[in-house]
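Visitor: To be precise about what I am sending: the file is called data-v4.txt and holds compact mmCIF, C-alpha atoms.
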# COMPACT_ATOMS: atom_id res chain seq x y z
CA MET A 276 20.11 -141.39 27.32
CA THR A 277 18.63 -139.05 29.87
CA ALA A 278 17.50 -140.65 33.07
CA ILE A 279 13.79 -140.55 33.76
CA ARG A 280 12.98 -139.65 37.32
CA VAL A 281 10.12 -141.34 39.18
CA GLU A 282 8.57 -137.90 39.69
CA ASP A 283 8.26 -137.52 35.92
CA ILE A 284 6.31 -140.78 35.68
CA ILE A 285 3.92 -140.08 38.56
CA LYS A 286 1.60 -137.70 36.72
CA PRO A 287 -2.16 -137.90 36.19
CA GLU A 288 -1.80 -138.44 32.43
CA ASN A 289 0.29 -141.57 33.05
CA LEU A 290 -2.17 -143.17 35.47
CA VAL A 291 -2.95 -146.79 34.58
CA TYR A 292 -4.43 -148.18 37.79
CA LYS A 293 -6.00 -146.61 40.82
CA LYS A 294 -8.28 -147.73 43.61
CA SER A 295 -11.88 -148.11 42.45
CA SER A 296 -14.21 -145.24 43.30
CA VAL A 297 -16.75 -147.78 44.59
CA LEU A 298 -14.41 -148.64 47.46
CA THR A 299 -14.59 -146.31 50.44
CA ASP A 300 -11.53 -144.81 52.13
CA VAL A 301 -12.10 -146.79 55.34
CA PRO A 302 -9.03 -148.98 56.01
CA MET A 303 -10.10 -152.63 55.96
CA HIS A 304 -10.15 -154.48 59.28
CA TYR A 305 -9.06 -157.72 57.62
CA CYS A 306 -5.78 -159.33 58.60
CA TYR A 307 -2.78 -158.58 56.42
CA GLY A 308 -2.87 -160.55 53.17
CA CYS A 309 -6.52 -161.61 53.55
CA SER A 310 -8.24 -162.69 50.33
CA HIS A 311 -11.41 -160.81 51.32
CA GLY A 312 -9.72 -157.51 50.46
CA VAL A 313 -8.87 -158.67 46.94
CA VAL A 314 -12.38 -159.99 46.30
CA HIS A 315 -13.93 -156.74 47.61
CA LYS A 316 -11.66 -154.83 45.27
CA ILE A 317 -12.58 -156.81 42.18
CA ILE A 318 -16.31 -156.64 42.98
CA ALA A 319 -15.90 -152.85 43.28
CA GLU A 320 -14.06 -152.72 39.95
CA VAL A 321 -16.74 -154.77 38.18
CA ILE A 322 -19.48 -152.54 39.62
CA GLU A 323 -17.59 -149.44 38.51
CA GLU A 324 -16.93 -150.79 34.99
CA MET A 325 -20.56 -151.83 34.52
CA GLY A 326 -21.78 -148.49 35.92
CA ILE A 327 -24.31 -150.16 38.22
CA GLN A 328 -23.31 -148.62 41.54
CA GLY A 329 -26.85 -147.35 42.14
CA GLU A 330 -28.55 -150.61 41.16
CA VAL A 331 -26.51 -153.19 43.03
CA VAL A 332 -27.36 -154.57 46.46
CA GLY A 333 -25.01 -156.72 48.49
CA ILE A 334 -26.11 -159.13 51.18
CA ALA A 335 -23.44 -159.29 53.86
CA PRO A 336 -23.01 -162.55 55.78
CA VAL A 337 -21.94 -163.38 59.30
CA GLY A 338 -18.20 -163.89 59.44
CA CYS A 339 -15.17 -161.69 58.84
CA SER A 340 -16.89 -160.04 55.87
CA VAL A 341 -19.88 -158.97 57.98
CA MET A 342 -18.43 -155.47 57.84
CA ALA A 343 -18.21 -155.42 54.04
CA TYR A 344 -20.75 -152.58 54.14
CA TYR A 345 -18.02 -150.26 55.40
CA TYR A 346 -15.83 -150.88 52.37
CA LEU A 347 -18.06 -150.92 49.29
CA ASP A 348 -20.09 -147.79 48.66
CA ILE A 349 -23.28 -149.59 47.57
CA ASP A 350 -26.53 -150.63 49.24
CA TRP A 351 -26.11 -153.48 51.70
CA MET A 352 -28.25 -155.67 53.85
CA GLN A 353 -26.95 -157.90 56.58
CA ALA A 354 -28.46 -161.34 56.95
CA ALA A 355 -28.57 -163.76 59.86
CA HIS A 356 -25.92 -166.49 59.84
CA GLY A 357 -26.22 -168.51 56.61
CA ARG A 358 -29.39 -166.77 55.43
CA ALA A 359 -27.90 -164.45 52.84
CA PRO A 360 -29.38 -166.40 49.86
CA ALA A 361 -32.83 -166.22 51.46
CA VAL A 362 -32.55 -162.47 52.03
CA ALA A 363 -31.16 -162.04 48.50
CA THR A 364 -34.15 -164.00 47.14
CA GLY A 365 -36.57 -161.67 48.89
CA TYR A 366 -34.78 -158.56 47.74
CA LYS A 367 -34.52 -159.74 44.14
CA ARG A 368 -38.18 -160.74 43.97
CA VAL A 369 -39.46 -157.36 45.11
CA ASN A 370 -36.83 -155.44 43.11
CA PRO A 371 -36.30 -157.57 39.99
CA LYS A 372 -34.27 -154.87 38.21
CA LYS A 373 -31.61 -154.68 40.92
CA TYR A 374 -28.37 -156.62 40.80
CA VAL A 375 -28.34 -158.64 44.02
CA PHE A 376 -25.34 -160.55 45.25
CA ALA A 377 -24.79 -162.60 48.39
CA TYR A 378 -21.26 -162.61 49.73
CA GLN A 379 -20.55 -165.51 52.07
CA GLY A 380 -17.77 -167.53 53.63
CA ASP A 381 -17.58 -171.29 53.98
CA GLY A 382 -18.80 -171.41 57.57
CA ASP A 383 -21.80 -169.36 56.52
CA LEU A 384 -22.68 -170.84 53.13
CA ALA A 385 -21.55 -174.46 53.50
CA ALA A 386 -22.41 -175.14 57.16
CA ILE A 387 -25.30 -173.32 58.79
CA GLY A 388 -26.64 -171.99 55.48
CA THR A 389 -26.53 -175.17 53.39
CA ALA A 390 -30.31 -175.40 53.15
CA GLU A 391 -30.74 -171.77 52.06
CA THR A 392 -27.90 -172.09 49.57
CA MET A 393 -29.21 -175.27 47.97
CA HIS A 394 -32.81 -174.11 47.74
CA ALA A 395 -32.00 -170.64 46.45
CA VAL A 396 -29.93 -172.17 43.64
CA ASN A 397 -32.48 -174.89 43.00
CA ARG A 398 -35.18 -172.26 42.55
CA GLY A 399 -32.88 -170.57 40.03
CA GLU A 400 -33.03 -167.18 41.70
CA ASN A 401 -31.40 -164.54 39.52
CA ILE A 402 -28.80 -163.62 42.07
CA VAL A 403 -25.03 -163.78 42.23
CA MET A 404 -23.52 -165.84 45.02
CA ILE A 405 -19.89 -165.24 45.91
CA PHE A 406 -18.45 -167.94 48.13
CA ILE A 407 -15.12 -167.38 49.89
CA ASN A 408 -13.75 -170.81 50.78
CA ASN A 409 -10.80 -170.59 53.15
CA ALA A 410 -11.31 -174.04 54.74
CA ILE A 411 -11.73 -172.62 58.24
CA TYR A 412 -13.92 -170.46 60.46
CA GLY A 413 -11.74 -167.35 60.34
CA MET A 414 -13.61 -164.83 62.46
CA THR A 415 -14.11 -166.94 65.56
CA GLY A 416 -10.53 -168.17 65.86
CA GLY A 417 -9.81 -170.79 63.23
CA GLN A 418 -12.19 -173.64 64.07
CA MET A 419 -12.79 -176.58 61.76
CA ALA A 420 -15.33 -175.91 58.98
CA PRO A 421 -17.09 -178.39 56.66
CA THR A 422 -14.56 -177.44 53.98
CA THR A 423 -11.49 -178.05 56.17
CA MET A 424 -9.01 -180.38 54.48
CA VAL A 425 -8.37 -183.91 55.76
CA GLY A 426 -5.50 -183.74 58.25
CA GLN A 427 -5.64 -179.94 58.54
CA VAL A 428 -4.87 -178.69 62.03
CA THR A 429 -7.38 -176.18 63.37
CA SER A 430 -8.19 -175.02 66.88
CA THR A 431 -10.96 -177.64 67.14
CA SER A 432 -9.04 -180.39 65.33
CA PRO A 433 -5.63 -180.07 66.99
CA TYR A 434 -4.49 -183.47 65.66
CA GLY A 435 -5.73 -182.75 62.15
CA ARG A 436 -9.15 -183.43 60.64
CA ASP A 437 -9.94 -187.11 61.09
CA ILE A 438 -12.28 -188.71 58.54
CA ASP A 439 -13.63 -191.23 61.06
CA LEU A 440 -14.55 -188.51 63.51
CA ASN A 441 -15.34 -185.50 61.33
CA GLY A 442 -16.20 -186.89 57.92
CA TYR A 443 -14.98 -185.58 54.58
CA PRO A 444 -14.53 -182.01 53.33
CA LEU A 445 -17.63 -180.73 51.56
CA LYS A 446 -17.39 -179.88 47.86
CA ILE A 447 -20.48 -177.72 47.87
CA THR A 448 -19.70 -176.13 44.52
CA GLU A 449 -19.85 -179.56 42.83
CA LEU A 450 -23.21 -180.19 44.52
CA ILE A 451 -24.55 -176.86 43.32
CA ALA A 452 -23.37 -177.46 39.75
CA GLN A 453 -25.83 -180.38 39.53
CA LEU A 454 -28.85 -178.23 40.32
CA PRO A 455 -30.89 -177.16 37.28
CA GLY A 456 -31.36 -173.63 38.62
CA ALA A 457 -27.65 -172.86 38.45
CA ALA A 458 -26.66 -171.03 35.28
CA TYR A 459 -22.99 -170.45 35.93
CA VAL A 460 -20.89 -172.26 38.51
CA THR A 461 -17.17 -171.68 38.70
CA ARG A 462 -14.28 -172.02 41.10
CA GLN A 463 -11.56 -169.39 41.06
CA SER A 464 -8.76 -168.06 43.22
CA VAL A 465 -7.10 -164.70 43.85
CA HIS A 466 -3.56 -165.64 44.85
CA THR A 467 -1.75 -164.50 41.68
CA PRO A 468 -2.34 -161.52 39.36
CA GLY A 469 -3.55 -163.88 36.61
CA ASN A 470 -6.05 -165.55 38.89
CA VAL A 471 -7.28 -162.17 40.13
CA ARG A 472 -8.04 -161.18 36.54
CA LYS A 473 -9.81 -164.47 35.82
CA THR A 474 -11.93 -164.09 38.94
CA LYS A 475 -12.80 -160.56 37.88
CA LYS A 476 -14.03 -161.84 34.52
CA ALA A 477 -16.07 -164.52 36.29
CA ILE A 478 -17.68 -161.96 38.60
CA ARG A 479 -18.47 -159.69 35.67
CA LYS A 480 -20.07 -162.58 33.81
CA ALA A 481 -22.11 -163.44 36.90
CA PHE A 482 -23.44 -159.88 37.19
CA GLU A 483 -24.30 -159.90 33.49
CA ASN A 484 -26.15 -163.22 33.93
CA SER A 485 -28.13 -161.59 36.71
CA ALA A 486 -29.55 -159.10 34.20
CA LYS A 487 -30.29 -161.82 31.62
CA ASN A 488 -32.64 -163.70 33.94
CA ILE A 489 -31.12 -167.14 33.35
CA GLY A 490 -30.63 -168.47 36.87
CA THR A 491 -28.18 -168.35 39.72
CA SER A 492 -24.50 -167.59 39.19
CA PHE A 493 -22.24 -169.11 41.81
CA ILE A 494 -18.57 -168.22 42.17
CA GLU A 495 -16.38 -170.01 44.66
CA VAL A 496 -13.12 -168.25 45.45
CA VAL A 497 -10.57 -170.58 47.05
CA SER A 498 -8.95 -168.28 49.58
CA THR A 499 -6.43 -168.11 52.37
CA CYS A 500 -6.83 -167.34 56.06
CA ASN A 501 -3.30 -166.75 57.21
CA SER A 502 -4.31 -165.87 60.77
CA GLY A 503 -6.46 -168.97 61.09
CA TRP A 504 -3.90 -171.20 59.44
CA LYS A 505 -1.13 -169.53 61.49
CA ILE A 506 1.22 -169.05 58.54
CA ASP A 507 2.24 -165.85 56.73
CA PRO A 508 0.36 -164.68 53.59
CA VAL A 509 2.93 -165.80 51.01
CA ALA A 510 3.28 -169.24 52.65
CA SER A 511 -0.54 -169.42 52.87
CA ASN A 512 -0.79 -169.02 49.11
CA LYS A 513 1.73 -171.82 48.64
CA TRP A 514 -0.10 -174.03 51.15
CA MET A 515 -3.35 -173.39 49.30
CA GLU A 516 -1.80 -174.30 45.95
CA GLU A 517 -0.29 -177.50 47.30
CA ASN A 518 -3.12 -178.72 49.51
CA MET A 519 -6.40 -177.16 48.44
CA PHE A 520 -6.16 -177.00 44.65
CA PRO A 521 -5.87 -180.81 44.20
CA PHE A 522 -9.13 -181.20 46.13
CA TYR A 523 -10.80 -177.98 44.97
CA PRO A 524 -9.66 -177.76 41.30
CA LEU A 525 -10.08 -174.35 39.66
CA GLY A 526 -12.23 -173.84 36.59
CA ASP A 527 -15.80 -173.59 35.33
CA LEU A 528 -18.11 -176.36 36.48
CA LYS A 529 -21.19 -175.22 34.60
CA ASP A 530 -21.98 -172.50 32.10
CA SER A 531 -25.45 -172.75 30.67
CA THR A 532 -28.91 -171.23 30.76
CA ARG A 533 -32.04 -172.35 32.50
CA ASP A 534 -33.49 -173.46 29.14
CA ASP A 535 -30.56 -175.84 28.72
CA ALA A 536 -31.26 -177.19 32.16
CA ASN A 537 -34.93 -177.66 31.42
CA THR A 538 -34.23 -179.76 28.37
CA TYR A 539 -32.12 -182.36 30.11
CA MET A 540 -32.89 -182.10 33.81
CA VAL A 541 -36.64 -181.64 34.07
CA GLN A 542 -38.93 -184.42 32.96
CA LYS A 543 -42.00 -183.32 31.10
CA LEU A 544 -45.30 -184.71 32.38
CA LYS A 545 -47.03 -187.13 30.03
CA LYS A 546 -50.39 -185.93 28.83
CA MET B 297 15.42 -151.91 22.90
CA ALA B 298 12.22 -150.22 23.92
CA LYS B 299 11.18 -150.76 27.50
CA ALA B 300 8.08 -149.51 29.26
CA ARG B 301 8.73 -147.35 32.29
CA GLY B 302 6.36 -147.23 35.18
CA ALA B 303 6.14 -146.29 38.83
CA VAL B 304 3.94 -147.24 41.74
CA VAL B 305 2.78 -145.22 44.71
CA VAL B 306 1.99 -147.12 47.90
CA GLU B 307 -0.18 -145.50 50.53
CA ASN B 308 2.13 -146.13 53.46
CA GLU B 309 -0.49 -145.75 56.16
CA VAL B 310 -2.94 -148.22 54.57
CA CYS B 311 -0.33 -150.86 53.68
CA LYS B 312 -0.21 -153.80 56.09
CA GLY B 313 3.07 -155.23 54.79
CA CYS B 314 1.61 -158.59 53.68
CA ASN B 315 4.39 -159.04 51.10
CA LEU B 316 2.00 -160.28 48.38
CA CYS B 317 2.89 -157.42 46.00
CA VAL B 318 6.60 -158.10 46.51
CA VAL B 319 6.11 -161.71 45.43
CA ALA B 320 3.78 -160.77 42.54
CA CYS B 321 6.21 -158.25 41.01
CA PRO B 322 7.91 -159.87 38.00
CA GLN B 323 10.69 -157.24 37.97
CA ASP B 324 11.59 -157.34 41.69
CA VAL B 325 10.83 -153.65 42.05
CA LEU B 326 9.09 -153.76 45.41
CA SER B 327 10.29 -154.72 48.85
CA LEU B 328 9.19 -154.07 52.40
CA HIS B 329 10.66 -150.91 53.92
CA LYS B 330 12.86 -151.31 56.97
CA GLU B 331 10.85 -148.56 58.64
CA VAL B 332 7.28 -148.99 59.85
CA ASN B 333 4.13 -146.92 59.50
CA SER B 334 2.10 -145.60 62.43
CA LYS B 335 0.43 -149.01 62.88
CA GLY B 336 3.78 -150.78 63.05
CA TYR B 337 3.71 -152.47 59.64
CA HIS B 338 6.74 -152.62 57.34
CA TYR B 339 5.12 -150.98 54.34
CA SER B 340 5.92 -151.85 50.73
CA HIS B 341 7.99 -149.43 48.63
CA MET B 342 9.92 -149.28 45.36
CA SER B 343 13.46 -150.34 46.20
CA ASN B 344 14.42 -150.75 42.55
CA PRO B 345 12.35 -148.08 40.73
CA GLU B 346 14.28 -148.25 37.43
CA ALA B 347 12.98 -151.77 36.75
CA CYS B 348 9.27 -150.93 37.08
CA THR B 349 7.26 -151.44 33.88
CA GLY B 350 3.87 -150.41 35.29
CA CYS B 351 2.36 -153.87 34.71
CA THR B 352 -0.18 -153.44 37.58
CA ASN B 353 0.40 -156.95 38.94
CA CYS B 354 1.18 -155.57 42.40
CA ALA B 355 -2.03 -153.54 42.41
CA ALA B 356 -4.06 -156.57 41.29
CA VAL B 357 -3.06 -158.68 44.27
CA CYS B 358 -3.06 -155.91 46.91
CA PRO B 359 -5.80 -156.79 49.43
CA ASP B 360 -5.93 -153.26 50.80
CA SER B 361 -6.04 -151.47 47.42
CA CYS B 362 -3.24 -149.15 48.51
CA ILE B 363 -1.22 -149.23 45.26
CA THR B 364 -1.59 -146.74 42.40
CA VAL B 365 0.27 -147.45 39.17
CA TYR B 366 1.60 -145.02 36.54
CA ARG B 367 3.15 -145.85 33.18
CA LEU B 368 4.80 -143.56 30.65
CA LYS B 369 2.78 -143.45 27.44
CA SER B 370 5.83 -143.31 25.17
CA THR B 371 8.35 -146.10 25.37
CA VAL B 372 11.95 -145.21 26.10
CA VAL B 373 14.81 -146.27 23.91
CA ALA B 374 17.63 -147.48 26.10
Output the file's structure in the form of structure tokens.

Guide:
Amino acid sequence: MTAIRVEDIIKPENLVYKKSSVLTDVPMHYCYGCSHGVVHKIIAEVIEEMGIQGEVVGIAPVGCSVMAYYYLDIDWMQAAHGRAPAVATGYKRVNPKKYVFAYQGDGDLAAIGTAETMHAVNRGENIVMIFINNAIYGMTGGQMAPTTMVGQVTSTSPYGRDIDLNGYPLKITELIAQLPGAAYVTRQSVHTPGNVRKTKKAIRKAFENSAKNIGTSFIEVVSTCNSGWKIDPVASNKWMEENMFPFYPLGDLKDSTRDDANTYMVQKLKK
Amino acid sequence: MAKARGAVVVENEVCKGCNLCVVACPQDVLSLHKEVNSKGYHYSHMSNPEACTGCTNCAAVCPDSCITVYRLKSTVVA
């Protein structure tokens, strides 16, 4: 058998995976191993595969991903803290043919933006909401968020989150799944290759729902924040599996259309 | 036995050495280089290139999208 050299394999005709053309060449500012990079990448791949680069608009949040507009070569708007669903609503209503997605973290979507999140989904806006839940405020130095686990040590809960003092972690995805305006609600993760592929399918489905006019698609991605958690990326993934997945179980919570919702959620007025 | 042969190319300057690709690789092809790039990160590289099957798992989990994967079209009889 003749040995095959690596140089013989690295040829254009053998290419099976390369960086999406929707991603820019700007190196990401995220910490090493951050889940944001993976989610940006799969959004870019979905946009490229669907060929909608010119028709998609992202709403960037406040948080680490505020600078997402440097990394994805699409139209972006930047919303005030927590108001991405409201801005997405406005954009979608004046440009109904565009694919609009709001990209938010847990401090943005589940804390200051809870009202906007709930009402945008309850109105059944035809937008995609991507929710990165890393159980902490990453950008500002790892403070406790509504989604922080019980007992988790953060810079503002140095003895661990105490239920008596701070209440319980917020399962906002479960709350949203009960709203009739939500068409597709799912919780995914990006810590293994298999989970990355599942999340990609979920994001693709969400963008396709956006064109079908059937309500809001909401994707939670359970993520890591190794700088905020103060552990390395591989250990962060393990910590997430052991501590977050029992409380935030992965899987689809709702997959329906608005018509389904109308039949069982909305009471008809008696004549 | 036929075995797929692949190879990966890591952009050394973009890699932040997070080790996620090393853990994701089912064939233990990748490891962090003992040398560092200009930002001081131990970048990922193929330390065992013969084992690579071009499965793209490393590229799927790379947060910085710095991995390109190649795979030979014809399988090799070994």

Visitor: Give as a PDB file with C-alpha atoms, in the frame of the given file every residue of chain A that touches chain B within 8 Å, counting all atoms listed in the file.

Guide:
ATOM      1  CA  MET A 276      20.110-141.390  27.320  1.00  0.00           C
ATOM      2  CA  VAL A 281      10.120-141.340  39.180  1.00  0.00           C
ATOM      3  CA  ILE A 284       6.310-140.780  35.680  1.00  0.00           C
ATOM      4  CA  ILE A 285       3.920-140.080  38.560  1.00  0.00           C
ATOM      5  CA  LYS A 286       1.600-137.700  36.720  1.00  0.00           C
ATOM      6  CA  ASN A 289       0.290-141.570  33.050  1.00  0.00           C
ATOM      7  CA  LEU A 290      -2.170-143.170  35.470  1.00  0.00           C
ATOM      8  CA  VAL A 291      -2.950-146.790  34.580  1.00  0.00           C
ATOM      9  CA  TYR A 292      -4.430-148.180  37.790  1.00  0.00           C
ATOM     10  CA  LYS A 293      -6.000-146.610  40.820  1.00  0.00           C
ATOM     11  CA  LYS A 294      -8.280-147.730  43.610  1.00  0.00           C
ATOM     12  CA  PRO A 302      -9.030-148.980  56.010  1.00  0.00           C
ATOM     13  CA  MET A 303     -10.100-152.630  55.960  1.00  0.00           C
ATOM     14  CA  TYR A 307      -2.780-158.580  56.420  1.00  0.00           C
ATOM     15  CA  GLY A 308      -2.870-160.550  53.170  1.00  0.00           C
ATOM     16  CA  CYS A 309      -6.520-161.610  53.550  1.00  0.00           C
ATOM     17  CA  SER A 310      -8.240-162.690  50.330  1.00  0.00           C
ATOM     18  CA  HIS A 311     -11.410-160.810  51.320  1.00  0.00           C
ATOM     19  CA  GLY A 312      -9.720-157.510  50.460  1.00  0.00           C
ATOM     20  CA  VAL A 313      -8.870-158.670  46.940  1.00  0.00           C
ATOM     21  CA  VAL A 314     -12.380-159.990  46.300  1.00  0.00           C
ATOM     22  CA  LYS A 316     -11.660-154.830  45.270  1.00  0.00           C
ATOM     23  CA  VAL A 465      -7.100-164.700  43.850  1.00  0.00           C
ATOM     24  CA  HIS A 466      -3.560-165.640  44.850  1.00  0.00           C
ATOM     25  CA  THR A 467      -1.750-164.500  41.680  1.00  0.00           C
ATOM     26  CA  PRO A 468      -2.340-161.520  39.360  1.00  0.00           C
ATOM     27  CA  VAL A 471      -7.280-162.170  40.130  1.00  0.00           C
ATOM     28  CA  ARG A 472      -8.040-161.180  36.540  1.00  0.00           C
ATOM     29  CA  ASP A 507       2.240-165.850  56.730  1.00  0.00           C
ATOM     30  CA  PRO A 508       0.360-164.680  53.590  1.00  0.00           C
ATOM     31  CA  VAL A 509       2.930-165.800  51.010  1.00  0.00           C
TER      32      VAL A 509
END

Visitor: Rounded to one decimal place, report the atom CA of A:Ile317-atom CA of A:Glu495 distance in Å.

Guide: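 The value is 14.0 Å.
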
Visitor: Go through A:Thr299, A:Thr491, A:Asn397, A:Asn409 one by one, measure the shortest atom-to-atom distance of each to A:Ser511 using all atoms listed in the file, and give the residue with the smallest value.

Guide: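 Smallest distance to A:Ser511 is found for A:Asn409.
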
Visitor: Tell me which protein, DNA and RNA residues are within 9 Å of A:Gly490, counting only C-alpha atoms, leaving out same-chain ones fewer than 4 positions away, and put them as a PyMOL selection string.

Guide: chain A and resi 396+398-402+455-459+484-485+532-533

Visitor: Could you check how far atom CA of B:Lys330 sits from atom CA of A:Trp504, in Å to one decimal?

Guide: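 Computing it gives 26.1 Å between the two atoms.
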
Visitor: Can you work out which one of A:Gln453, A:Asn470, A:Asn441, A:Asn512 has the shortest atom-to-atom distance to A:Met393, counting all atoms listed in the file?

Guide: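 Distance minimum relative to A:Met393 lands on A:Gln453.
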
Visitor: Skipping near chain neighbours, those fewer than 5 positions away, what residues fall within 8 Å of A:Ile349 using all atoms listed in the file, listed as an MDAnalysis selection string?

Guide: chainID A and resid 297 328:329 331:333 344
